[in-house]
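Peer 1: Input structure: structure-v6.txt, which contains compact mmCIF, C-alpha atoms (C1' of nucleotides).
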```txt
# COMPACT_ATOMS: atom_id res chain seq x y z
CA MET F 1 125.24 105.01 64.79
CA ARG F 2 125.17 107.89 62.34
CA ALA F 3 126.33 111.26 63.57
CA ASP F 4 122.90 112.89 63.28
CA ALA F 5 121.31 109.97 65.10
CA ARG F 6 123.86 110.23 67.90
CA LYS F 7 123.12 113.94 68.25
CA ASN F 8 119.39 113.24 68.34
CA HIS F 9 119.95 110.52 70.93
CA ASP F 10 121.93 112.75 73.26
CA HIS F 11 119.57 115.68 72.86
CA VAL F 12 116.51 113.58 73.56
CA LEU F 13 118.18 112.03 76.60
CA ALA F 14 119.05 115.43 78.04
CA VAL F 15 115.50 116.72 77.59
CA ALA F 16 114.05 113.51 79.01
CA GLY F 17 116.25 113.91 82.09
CA ALA F 18 114.92 117.40 82.67
CA VAL F 19 111.28 116.42 82.16
CA ILE F 20 111.52 113.31 84.33
CA ALA F 21 113.39 115.22 87.04
CA GLU F 22 110.45 117.57 87.35
CA GLN F 23 107.49 115.31 86.53
CA GLY F 24 108.69 111.92 87.76
CA ALA F 25 109.27 108.59 86.04
CA GLU F 26 105.68 108.44 84.76
CA ALA F 27 106.04 111.57 82.65
CA SER F 28 104.31 111.34 79.27
CA MET F 29 106.58 110.03 76.51
CA ARG F 30 104.68 112.24 74.09
CA ASP F 31 105.43 115.25 76.23
CA ILE F 32 109.13 114.39 76.34
CA ALA F 33 109.18 114.09 72.53
CA ARG F 34 107.37 117.43 72.19
CA ARG F 35 109.79 119.17 74.53
CA ALA F 36 112.69 117.71 72.54
CA ASP F 37 111.15 118.90 69.24
CA VAL F 38 111.19 115.39 67.92
CA GLY F 39 108.56 112.97 66.69
CA LEU F 40 107.16 110.61 69.30
CA ALA F 41 108.17 107.69 67.09
CA THR F 42 111.77 108.94 67.07
CA LEU F 43 111.92 109.00 70.85
CA LEU F 44 110.52 105.49 70.95
CA ARG F 45 113.06 104.13 68.48
CA HIS F 46 115.94 105.46 70.53
CA PHE F 47 114.34 104.22 73.74
CA PRO F 48 111.75 101.59 72.92
CA THR F 49 110.38 101.47 76.45
CA ARG F 50 110.17 103.76 79.44
CA GLU F 51 112.55 101.42 81.27
CA ALA F 52 115.13 101.76 78.51
CA LEU F 53 114.98 105.53 78.81
CA LEU F 54 115.33 105.44 82.58
CA GLU F 55 118.13 102.93 82.38
CA ALA F 56 120.07 105.39 80.22
CA LEU F 57 119.34 108.20 82.68
CA LEU F 58 120.29 106.18 85.73
CA ARG F 59 123.36 104.41 84.36
CA THR F 60 125.81 107.12 85.42
CA GLY F 61 124.61 107.19 88.99
CA PHE F 62 124.47 103.40 89.19
CA ASP F 63 127.99 103.05 87.86
CA GLU F 64 129.19 105.52 90.48
CA LEU F 65 127.47 103.50 93.18
CA THR F 66 129.17 100.33 92.02
CA VAL F 67 132.58 101.99 92.04
CA LYS F 68 131.87 103.47 95.44
CA ALA F 69 130.92 100.08 96.86
CA ASP F 70 134.29 98.70 95.81
CA ALA F 71 136.13 101.65 97.27
CA LEU F 72 134.25 101.50 100.58
CA GLU F 73 135.15 97.87 101.01
CA THR F 74 138.71 98.84 101.85
CA SER F 75 138.51 102.50 102.89
CA SER F 76 135.90 102.34 105.64
CA SER F 77 134.80 100.20 108.53
CA PRO F 78 132.21 97.58 107.58
CA GLU F 79 129.56 99.50 109.44
CA ASP F 80 130.34 102.91 107.95
CA ALA F 81 130.69 101.43 104.47
CA LEU F 82 127.26 99.80 104.60
CA VAL F 83 125.48 102.85 106.00
CA SER F 84 127.19 105.32 103.69
CA TRP F 85 126.52 103.26 100.58
CA LEU F 86 122.88 102.68 101.44
CA ARG F 87 122.41 106.38 102.06
CA ASP F 88 123.80 107.13 98.60
CA PHE F 89 121.66 104.42 97.07
CA VAL F 90 118.51 105.93 98.53
CA ALA F 91 119.56 109.42 97.43
CA CYS F 92 120.25 108.17 93.90
CA ALA F 93 116.89 106.45 93.61
CA ASP F 94 115.21 109.64 94.82
CA ASN F 95 116.76 111.69 92.01
CA TYR F 96 113.80 110.72 89.86
CA ARG F 97 110.47 110.38 91.62
CA GLY F 98 108.80 107.04 90.93
CA VAL F 99 111.92 105.29 89.68
CA VAL F 100 112.23 103.02 92.69
CA ALA F 101 108.88 101.42 91.96
CA LEU F 102 110.16 100.51 88.51
CA MET F 103 113.38 99.20 90.03
CA MET F 104 111.57 96.92 92.46
CA SER F 105 109.50 95.58 89.61
CA ALA F 106 112.58 95.21 87.38
CA ILE F 107 114.52 93.13 89.90
CA GLY F 108 112.06 90.32 89.28
CA ASP F 109 111.57 90.86 85.55
CA LYS F 110 114.42 89.70 83.34
CA GLN F 111 112.83 91.41 80.34
CA SER F 112 113.12 94.87 81.90
CA ALA F 113 115.88 97.15 80.64
CA LEU F 114 116.49 98.01 84.28
CA HIS F 115 116.95 94.40 85.38
CA ALA F 116 120.74 94.19 85.00
CA SER F 117 121.29 97.50 86.82
CA CYS F 118 119.11 96.37 89.71
CA VAL F 119 120.87 93.05 90.02
CA THR F 120 124.20 94.88 90.07
CA MET F 121 122.99 97.22 92.80
CA ARG F 122 121.72 94.34 94.88
CA ALA F 123 125.04 92.51 94.45
CA ALA F 124 127.00 95.57 95.57
CA GLY F 125 124.82 95.94 98.65
CA THR F 126 125.07 92.24 99.36
CA ARG F 127 128.89 92.42 99.42
CA LEU F 128 128.87 95.29 101.91
CA LEU F 129 126.28 93.51 104.03
CA ALA F 130 128.24 90.25 104.03
CA ARG F 131 131.37 92.00 105.22
CA ALA F 132 129.46 93.70 108.02
CA GLN F 133 127.88 90.40 108.99
CA ALA F 134 131.26 88.65 109.00
CA GLU F 135 132.57 91.31 111.38
CA GLY F 136 129.58 90.90 113.63
CA VAL F 137 128.21 94.41 113.12
CA ALA F 138 125.13 93.50 111.05
CA ARG F 139 122.37 91.05 111.90
CA THR F 140 122.79 87.77 110.07
CA ASP F 141 119.13 86.95 109.46
CA ILE F 142 118.81 89.21 106.42
CA ASP F 143 120.25 88.86 102.93
CA GLY F 144 120.94 91.15 99.99
CA THR F 145 117.35 90.99 98.76
CA ASP F 146 116.07 92.05 102.18
CA LEU F 147 118.54 94.92 102.16
CA PHE F 148 117.49 95.93 98.65
CA ALA F 149 113.86 95.84 99.74
CA LEU F 150 114.44 97.95 102.85
CA ALA F 151 116.52 100.51 100.97
CA GLY F 152 113.89 100.59 98.23
CA SER F 153 111.10 101.13 100.71
CA LEU F 154 112.98 104.09 102.18
CA ALA F 155 113.52 105.53 98.71
CA TRP F 156 109.81 105.07 98.05
CA LEU F 157 109.00 107.10 101.16
CA GLY F 158 111.16 109.82 99.63
CA ASP F 159 108.77 109.85 96.67
CA GLN F 160 105.82 110.71 98.91
CA PRO F 161 105.78 114.48 99.35
CA SER F 162 104.20 114.37 102.81
CA LEU F 163 106.69 111.81 104.14
CA ALA F 164 109.89 112.77 102.35
CA PRO F 165 111.05 115.02 105.24
CA ARG F 166 111.05 111.94 107.48
CA VAL F 167 113.27 109.78 105.29
CA ASP F 168 116.58 110.81 106.85
CA HIS F 169 115.24 110.07 110.29
CA LEU F 170 113.62 106.79 109.27
CA PHE F 171 116.81 105.79 107.51
CA GLY F 172 118.48 105.90 110.91
CA VAL F 173 115.67 103.90 112.48
CA VAL F 174 115.93 101.14 109.90
CA MET F 175 119.72 101.15 110.08
CA SER F 176 119.49 100.61 113.82
CA ALA F 177 117.59 97.41 113.07
CA ILE F 178 120.21 96.18 110.61
CA LEU F 179 123.31 97.03 112.64
CA THR F 180 124.13 95.10 115.77
CA ASP F 181 126.26 96.25 118.63
CA PRO F 182 129.58 94.38 118.16
CA ALA F 183 129.98 94.12 121.94
CA SER F 184 126.67 92.32 122.36
CA ALA F 185 127.35 90.23 119.26
CA ASP F 186 130.62 89.29 120.89
CA ALA F 187 128.77 88.58 124.12
CA ARG F 188 126.41 86.27 122.29
CA THR F 189 129.21 84.16 120.90
CA THR F 190 131.73 84.21 123.79
CA ALA F 191 129.90 84.88 127.05
CA ALA F 192 127.36 82.70 128.84
CA PRO F 193 128.35 79.53 126.99
CA GLY F 194 125.65 77.60 128.82
CA ASN F 195 122.97 79.88 127.42
CA ARG F 196 121.02 78.35 124.59
CA MET N 1 68.71 107.88 97.52
CA ARG N 2 66.18 106.17 95.32
CA ALA N 3 65.85 102.41 95.60
CA ASP N 4 67.14 101.73 92.08
CA ALA N 5 70.06 104.05 92.66
CA ARG N 6 70.93 102.29 95.89
CA LYS N 7 70.84 98.96 94.11
CA ASN N 8 73.08 100.32 91.36
CA HIS N 9 75.45 101.74 93.96
CA ASP N 10 75.84 98.46 95.81
CA HIS N 11 76.17 96.43 92.62
CA VAL N 12 78.84 98.71 91.20
CA LEU N 13 80.73 98.68 94.48
CA ALA N 14 80.76 94.89 94.61
CA VAL N 15 82.03 94.60 91.04
CA ALA N 16 84.62 97.31 91.65
CA GLY N 17 85.88 95.39 94.67
CA ALA N 18 86.37 92.27 92.57
CA VAL N 19 88.11 94.10 89.73
CA ILE N 20 90.38 96.09 92.02
CA ALA N 21 91.21 93.00 94.05
CA GLU N 22 92.56 91.35 90.93
CA GLN N 23 93.95 94.33 88.97
CA GLY N 24 94.98 96.70 91.73
CA ALA N 25 93.95 100.23 92.64
CA GLU N 26 94.85 101.58 89.19
CA ALA N 27 92.29 99.42 87.41
CA SER N 28 90.51 101.22 84.57
CA MET N 29 87.30 102.92 85.67
CA ARG N 30 85.91 102.20 82.23
CA ASP N 31 86.63 98.53 82.72
CA ILE N 32 84.91 98.50 86.10
CA ALA N 33 81.85 100.13 84.54
CA ARG N 34 81.85 97.59 81.71
CA ARG N 35 82.10 94.66 84.11
CA ALA N 36 79.21 96.12 86.12
CA ASP N 37 77.08 96.52 82.95
CA VAL N 38 76.70 100.20 83.66
CA GLY N 39 77.60 103.39 81.84
CA LEU N 40 80.96 104.89 82.73
CA ALA N 41 79.21 108.11 83.63
CA THR N 42 77.02 106.25 86.09
CA LEU N 43 80.01 104.80 87.89
CA LEU N 44 81.55 108.26 88.06
CA ARG N 45 78.46 109.85 89.52
CA HIS N 46 78.31 107.31 92.33
CA PHE N 47 82.05 107.62 92.90
CA PRO N 48 83.30 110.85 91.38
CA THR N 49 86.96 109.95 91.86
CA ARG N 50 89.05 106.83 92.20
CA GLU N 51 89.74 107.80 95.80
CA ALA N 52 86.03 107.95 96.57
CA LEU N 53 85.58 104.44 95.22
CA LEU N 54 88.52 103.09 97.20
CA GLU N 55 87.35 104.87 100.31
CA ALA N 56 84.05 103.00 100.07
CA LEU N 57 85.88 99.71 99.53
CA LEU N 58 88.29 100.26 102.40
CA ARG N 59 85.87 101.72 104.94
CA THR N 60 84.89 98.38 106.46
CA GLY N 61 88.45 97.26 107.03
CA PHE N 62 89.45 100.65 108.36
CA ASP N 63 86.56 100.73 110.79
CA GLU N 64 87.56 97.28 112.04
CA LEU N 65 91.10 98.50 112.55
CA THR N 66 89.88 101.45 114.58
CA VAL N 67 87.73 99.22 116.78
CA LYS N 68 90.60 96.79 117.17
CA ALA N 69 92.97 99.56 118.25
CA ASP N 70 90.57 100.50 121.05
CA ALA N 71 90.19 96.90 122.14
CA LEU N 72 93.93 96.23 122.13
CA GLU N 73 94.53 99.20 124.36
CA THR N 74 93.12 97.28 127.30
CA SER N 75 93.34 93.63 126.29
CA SER N 76 97.02 93.29 125.42
CA SER N 77 100.41 94.41 126.59
CA PRO N 78 101.56 97.67 125.00
CA GLU N 79 104.10 95.79 122.94
CA ASP N 80 101.77 93.07 121.68
CA ALA N 81 99.05 95.61 120.97
CA LEU N 82 101.31 97.75 118.81
CA VAL N 83 102.78 94.82 116.87
CA SER N 84 99.47 93.07 116.35
CA TRP N 85 97.71 96.21 115.16
CA LEU N 86 100.48 97.18 112.76
CA ARG N 87 100.48 93.69 111.32
CA ASP N 88 96.75 93.98 110.66
CA PHE N 89 97.19 97.44 109.20
CA VAL N 90 99.77 96.19 106.71
CA ALA N 91 97.59 93.20 105.82
CA CYS N 92 94.58 95.48 105.29
CA ALA N 93 96.50 97.83 103.01
CA ASP N 94 97.73 94.85 101.02
CA ASN N 95 94.18 93.69 100.30
CA TYR N 96 94.20 95.97 97.27
CA ARG N 97 97.49 96.34 95.44
CA GLY N 98 98.50 99.96 94.98
CA VAL N 99 96.19 101.35 97.61
CA VAL N 100 98.95 102.24 100.05
CA ALA N 101 100.48 104.67 97.54
CA LEU N 102 97.14 106.47 97.39
CA MET N 103 96.94 106.45 101.19
CA MET N 104 100.37 108.00 101.60
CA SER N 105 99.41 110.69 99.14
CA ALA N 106 96.02 111.19 100.80
CA ILE N 107 97.46 111.79 104.27
CA GLY N 108 98.85 115.07 103.01
CA ASP N 109 95.95 116.02 100.75
CA LYS N 110 92.86 117.30 102.52
CA GLN N 111 90.89 117.16 99.27
CA SER N 112 91.29 113.40 98.95
CA ALA N 113 88.33 111.20 99.81
CA LEU N 114 90.81 108.97 101.63
CA HIS N 115 92.20 111.77 103.79
CA ALA N 116 89.91 111.30 106.79
CA SER N 117 90.44 107.54 106.87
CA CYS N 118 94.20 107.96 106.77
CA VAL N 119 94.19 110.50 109.56
CA THR N 120 92.08 108.13 111.63
CA MET N 121 94.49 105.25 111.01
CA ARG N 122 97.45 107.39 111.94
CA ALA N 123 95.71 108.52 115.13
CA ALA N 124 94.94 104.92 116.13
CA GLY N 125 98.56 103.92 115.58
CA THR N 126 99.76 106.97 117.44
CA ARG N 127 97.72 106.01 120.52
CA LEU N 128 99.19 102.50 120.57
CA LEU N 129 102.68 103.88 120.04
CA ALA N 130 102.29 106.44 122.82
CA ARG N 131 101.23 103.76 125.29
CA ALA N 132 104.21 101.59 124.35
CA GLN N 133 106.52 104.58 124.70
CA ALA N 134 105.07 105.47 128.10
CA GLU N 135 105.76 101.92 129.26
CA GLY N 136 109.31 102.09 127.96
CA VAL N 137 108.91 99.37 125.33
CA ALA N 138 109.05 101.57 122.22
CA ARG N 139 111.71 104.05 121.23
CA THR N 140 110.68 107.61 121.95
CA ASP N 141 112.30 109.34 118.97
CA ILE N 142 109.51 108.44 116.54
CA ASP N 143 105.96 109.74 116.30
CA GLY N 144 102.71 108.58 114.72
CA THR N 145 103.66 109.91 111.31
CA ASP N 146 106.92 107.97 111.37
CA LEU N 147 105.00 104.86 112.35
CA PHE N 148 102.47 105.44 109.57
CA ALA N 149 105.32 105.86 107.10
CA LEU N 150 107.12 102.71 108.21
CA ALA N 151 103.94 100.63 108.13
CA GLY N 152 103.09 102.10 104.74
CA SER N 153 106.51 101.28 103.35
CA LEU N 154 106.09 97.67 104.48
CA ALA N 155 102.67 97.51 102.86
CA TRP N 156 104.21 98.93 99.70
CA LEU N 157 106.76 96.14 99.67
CA GLY N 158 103.80 93.77 99.77
CA ASP N 159 102.64 95.32 96.48
CA GLN N 160 105.89 94.33 94.76
CA PRO N 161 105.49 90.74 93.55
CA SER N 162 109.19 89.92 93.83
CA LEU N 163 109.48 91.25 97.38
CA ALA N 164 106.09 90.36 98.85
CA PRO N 165 107.37 87.03 100.28
CA ARG N 166 109.84 89.01 102.40
CA VAL N 167 107.31 91.30 104.02
CA ASP N 168 106.60 89.14 107.06
CA HIS N 169 110.29 88.83 107.77
CA LEU N 170 111.01 92.50 107.16
CA PHE N 171 108.06 93.41 109.36
CA GLY N 172 109.94 91.72 112.19
CA VAL N 173 113.13 93.54 111.32
CA VAL N 174 111.44 96.94 111.38
CA MET N 175 109.56 96.09 114.57
CA SER N 176 112.87 95.27 116.25
CA ALA N 177 113.92 98.83 115.51
CA ILE N 178 110.76 100.30 117.01
CA LEU N 179 110.58 98.16 120.13
CA THR N 180 113.11 98.63 122.90
CA ASP N 181 114.12 96.12 125.51
CA PRO N 182 112.32 97.34 128.68
CA ALA N 183 115.30 96.23 130.81
CA SER N 184 117.75 98.39 128.91
CA ALA N 185 115.23 101.24 128.81
CA ASP N 186 115.05 100.91 132.56
CA ALA N 187 118.83 100.89 132.75
CA ARG N 188 118.96 104.11 130.79
CA THR N 189 116.72 105.94 133.22
CA THR N 190 117.88 104.45 136.54
CA ALA N 191 121.48 103.34 136.19
CA ALA N 192 124.59 105.44 135.75
CA PRO N 193 123.03 108.65 137.10
CA GLY N 194 126.17 110.58 136.31
CA ASN N 195 125.83 109.74 132.67
CA ARG N 196 124.52 112.60 130.56
C1' DA J 1 65.96 111.75 90.05
C1' DC J 2 68.69 108.85 87.74
C1' DC J 3 71.05 107.10 83.70
C1' DT J 4 73.93 107.12 79.34
C1' DG J 5 75.97 107.76 74.64
C1' DA J 6 78.95 110.68 72.52
C1' DA J 7 82.46 114.21 72.11
C1' DC J 8 86.78 115.61 73.97
C1' DA J 9 91.69 115.72 74.96
C1' DC J 10 94.85 112.76 76.38
C1' DC J 11 97.96 108.27 76.36
C1' DG J 12 101.53 104.49 74.20
C1' DT J 13 101.99 101.44 69.98
C1' DT J 14 102.61 100.61 65.29
C1' DC J 15 103.76 101.28 60.52
C1' DA J 16 103.71 103.00 55.79
C1' DA J 17 105.73 106.78 53.61
C1' DG J 18 109.19 110.30 53.25
C1' DT J 19 114.26 112.19 53.25
C1' DA I 1 119.83 104.78 57.82
C1' DC I 2 117.08 107.68 60.04
C1' DC I 3 112.86 110.25 60.80
C1' DT I 4 107.73 111.20 61.18
C1' DG I 5 102.68 111.91 60.54
C1' DA I 6 98.75 109.39 61.00
C1' DA I 7 95.80 105.62 62.42
C1' DC I 8 94.71 102.83 66.31
C1' DA I 9 92.87 101.36 70.73
C1' DC I 10 92.94 102.91 75.00
C1' DC I 11 92.16 106.38 79.19
C1' DG I 12 89.22 109.82 82.48
C1' DT I 13 86.15 114.04 82.09
C1' DT I 14 82.15 116.33 80.79
C1' DC I 15 77.49 117.18 79.34
C1' DA I 16 73.31 117.32 76.56
C1' DA I 17 69.69 114.23 75.88
C1' DG I 18 66.85 110.48 77.30
C1' DT I 19 63.74 107.74 80.77
```
Kindly return the structure encoded in the file as structure tokens.
Peer 2:
Amino acid sequence: MRADARKNHDHVLAVAGAVIAEQGAEASMRDIARRADVGLATLLRHFPTREALLEALLRTGFDELTVKADALETSSSPEDALVSWLRDFVACADNYRGVVALMMSAIGDKQSALHASCVTMRAAGTRLLARAQAEGVARTDIDGTDLFALAGSLAWLGDQPSLAPRVDHLFGVVMSAILTDPASADARTTAAPGNR
Amino acid sequence: MRADARKNHDHVLAVAGAVIAEQGAEASMRDIARRADVGLATLLRHFPTREALLEALLRTGFDELTVKADALETSSSPEDALVSWLRDFVACADNYRGVVALMMSAIGDKQSALHASCVTMRAAGTRLLARAQAEGVARTDIDGTDLFALAGSLAWLGDQPSLAPRVDHLFGVVMSAILTDPASADARTTAAPGNR
DNA sequence: ACCTGAACACCGTTCAAGT
DNA sequence: ACCTGAACACCGTTCAAGT
């Protein structure tokens, strides 16, 4: 990429981040180009679709989440790791209002520029879930897609102004459904052997 | 209203229902008018906003849900009543893709044509929740707004093509977080009196 | 009263023409 | 190579003019 193009790219991306942070993921591409003092066609050549633009904006946060998932796998208990990572995932998705809707659509659309990132996020969550399940602290009748869906639905609530204040609380409610008491899980497998 | 206007109103509403059922709540108003063989301005005078149009489309289902909530209050156990009503609520919201996003926005916007309907739905759910809580079968740290948010988030998942097949399962997961085992609830209030 | 075409200010897409 | 103005087909809003 030529030096002037690189500069244009970075400048446009920075402006787009500011506009989308305040207006949400559905902000007008024309408006972003205007605010960046650049032709609309220029913006669209750097980022041919809205998804491509958002992918560039979200990449940093997503990469951090992937690294964090790896770190948590050894540094924390299975339960704490899962809860902490999901909390960060929801917070990351809520950085840009409306982005989680695009993510949920992208997970099923291989053409989307966000597809790979979403698959990576789901895989990271799946690993943390599997460890928790293996240790008996997470229910075993859900998989990584279910987890991705539940986390996404919480992030979506964060996009709704009237419900956003409830998200922290509802996060705890949903987590209580995912996590199982290890004692009772133990009881299920070791006690009352005649119980079917 | 004049007879010809009434006829126009009903015809437009029927066509709008068909278009929105297939294209979702964000269907083009212009397209609805075209399909109804009516001027765009005519559509907009009958239904000045998208919310007004959706309110008319949803009214029947919402009224049924309100009636059903009353009936369930005496015909079913608190637990079954709450679960059954919430299941119907989610199914109703999923009749038109995208409508739940407008509902969540409308609950906090008194100007919206959907506001009254949403408040009514929340009130009906709140009554069923309160009864379940009083009987010790629902956790007491959530209120009607939390319930509305959780049900809405499940309905939103139903709008996502890739996640819709999971909604029934995830409904059960979320319900397991809301419902409490009456035995253990009993244990909390009667056993271990020294426990604070 | 009720309806509607047309003008308006937007949107994202596309491409020929400029530097 | 990289950029951009302009044309295009859309959108919802508004209103003067018709029946």
Peer 1: List as a ChimeraX atom specification the residues having at least one atom at most 8 Å from position (91.4, 103.7, 111.5) as given in the file, counting all atoms listed in the file.
Peer 2: /N:62-67,117-124
Peer 1: Rounded to one decimal place, report the CA of Thr126 (chain F)-CA of Cys92 (chain F) distance in Å.
Peer 2: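 These atoms are spaced 17.5 Å apart.
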Peer 1: Between I:DA6, I:DA16, I:DC11, I:DA1, which residue has the minimum interatomic distance to chain N, considering all atoms listed in the file?
Peer 2: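 Of I:DA6, I:DA16, I:DC11, I:DA1, the one nearest chain N, counting all atoms listed in the file, is I:DC11.
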Peer 1: Chain I residues within 12 Å of chain N, counting all atoms listed in the file: which ones, as a PyMOL selection string?
Peer 2: chain I and resi 10-15
Peer 1: Give as a list in words each residue that has an atom at most 10 Å from (105.2, 100.7, 128.5) in the file, counting all atoms listed in the file.
Peer 2: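 Residues with an atom at most 10 Å from (105.2, 100.7, 128.5): Ser77, Pro78, Glu79, Leu129, Ala130, Arg131, Ala132, Gln133, Ala134, Glu135, Gly136, Val137, Ala138, Thr180 and Pro182 of chain N.
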Peer 1: As a ChimeraX atom specification, could you give me every residue of chain N near chain F (at most 6 Å apart, counting only C-alpha atoms)?
Peer 2: /N:108,153,162,177
Peer 1: Please list as a PyMOL selection string every residue within 12 Å of Val19 (chain N), counting all atoms listed in the file and excluding residues in the same chain fewer than 2 positions away.
Peer 2: chain N and resi 12-17+21-36+53-54+57+96-97
Peer 1: The selected residues should be written to file as a PDB file, keeping the file's coordinate frame (atoms: C-alpha atoms).
Peer 2:
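This went into out_1.pdb:
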```pdb
ATOM      1  CA  VAL N  12      78.840  98.710  91.200  1.00  0.00           C
ATOM      2  CA  LEU N  13      80.730  98.680  94.480  1.00  0.00           C
ATOM      3  CA  ALA N  14      80.760  94.890  94.610  1.00  0.00           C
ATOM      4  CA  VAL N  15      82.030  94.600  91.040  1.00  0.00           C
ATOM      5  CA  ALA N  16      84.620  97.310  91.650  1.00  0.00           C
ATOM      6  CA  GLY N  17      85.880  95.390  94.670  1.00  0.00           C
ATOM      7  CA  ALA N  21      91.210  93.000  94.050  1.00  0.00           C
ATOM      8  CA  GLU N  22      92.560  91.350  90.930  1.00  0.00           C
ATOM      9  CA  GLN N  23      93.950  94.330  88.970  1.00  0.00           C
ATOM     10  CA  GLY N  24      94.980  96.700  91.730  1.00  0.00           C
ATOM     11  CA  ALA N  25      93.950 100.230  92.640  1.00  0.00           C
ATOM     12  CA  GLU N  26      94.850 101.580  89.190  1.00  0.00           C
ATOM     13  CA  ALA N  27      92.290  99.420  87.410  1.00  0.00           C
ATOM     14  CA  SER N  28      90.510 101.220  84.570  1.00  0.00           C
ATOM     15  CA  MET N  29      87.300 102.920  85.670  1.00  0.00           C
ATOM     16  CA  ARG N  30      85.910 102.200  82.230  1.00  0.00           C
ATOM     17  CA  ASP N  31      86.630  98.530  82.720  1.00  0.00           C
ATOM     18  CA  ILE N  32      84.910  98.500  86.100  1.00  0.00           C
ATOM     19  CA  ALA N  33      81.850 100.130  84.540  1.00  0.00           C
ATOM     20  CA  ARG N  34      81.850  97.590  81.710  1.00  0.00           C
ATOM     21  CA  ARG N  35      82.100  94.660  84.110  1.00  0.00           C
ATOM     22  CA  ALA N  36      79.210  96.120  86.120  1.00  0.00           C
ATOM     23  CA  LEU N  53      85.580 104.440  95.220  1.00  0.00           C
ATOM     24  CA  LEU N  54      88.520 103.090  97.200  1.00  0.00           C
ATOM     25  CA  LEU N  57      85.880  99.710  99.530  1.00  0.00           C
ATOM     26  CA  TYR N  96      94.200  95.970  97.270  1.00  0.00           C
ATOM     27  CA  ARG N  97      97.490  96.340  95.440  1.00  0.00           C
TER      28      ARG N  97
END
```
Peer 1: C1' of DG18 (chain J) and C1' of DA9 (chain I) are how many Å apart?
Peer 2: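 Pair C1' of DG18 (chain J) / C1' of DA9 (chain I) returns 25.5 Å.
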Peer 1: So what do you get for CA of Val99 (chain N) versus CA of Asp70 (chain N), distance-wise?
Peer 2: 24.1 Å
Peer 1: Which centre and edge lengths in Å to one decimal define the box along x, y and z that fits every listed atom of region 2-19 of chain I plus 3 Å per side, as AutoDock Vina command-line options?
Peer 2:
```
--center_x 90.4 --center_y 109.3 --center_z 71.3 --size_x 59.3 --size_y 22.0 --size_z 28.4
```
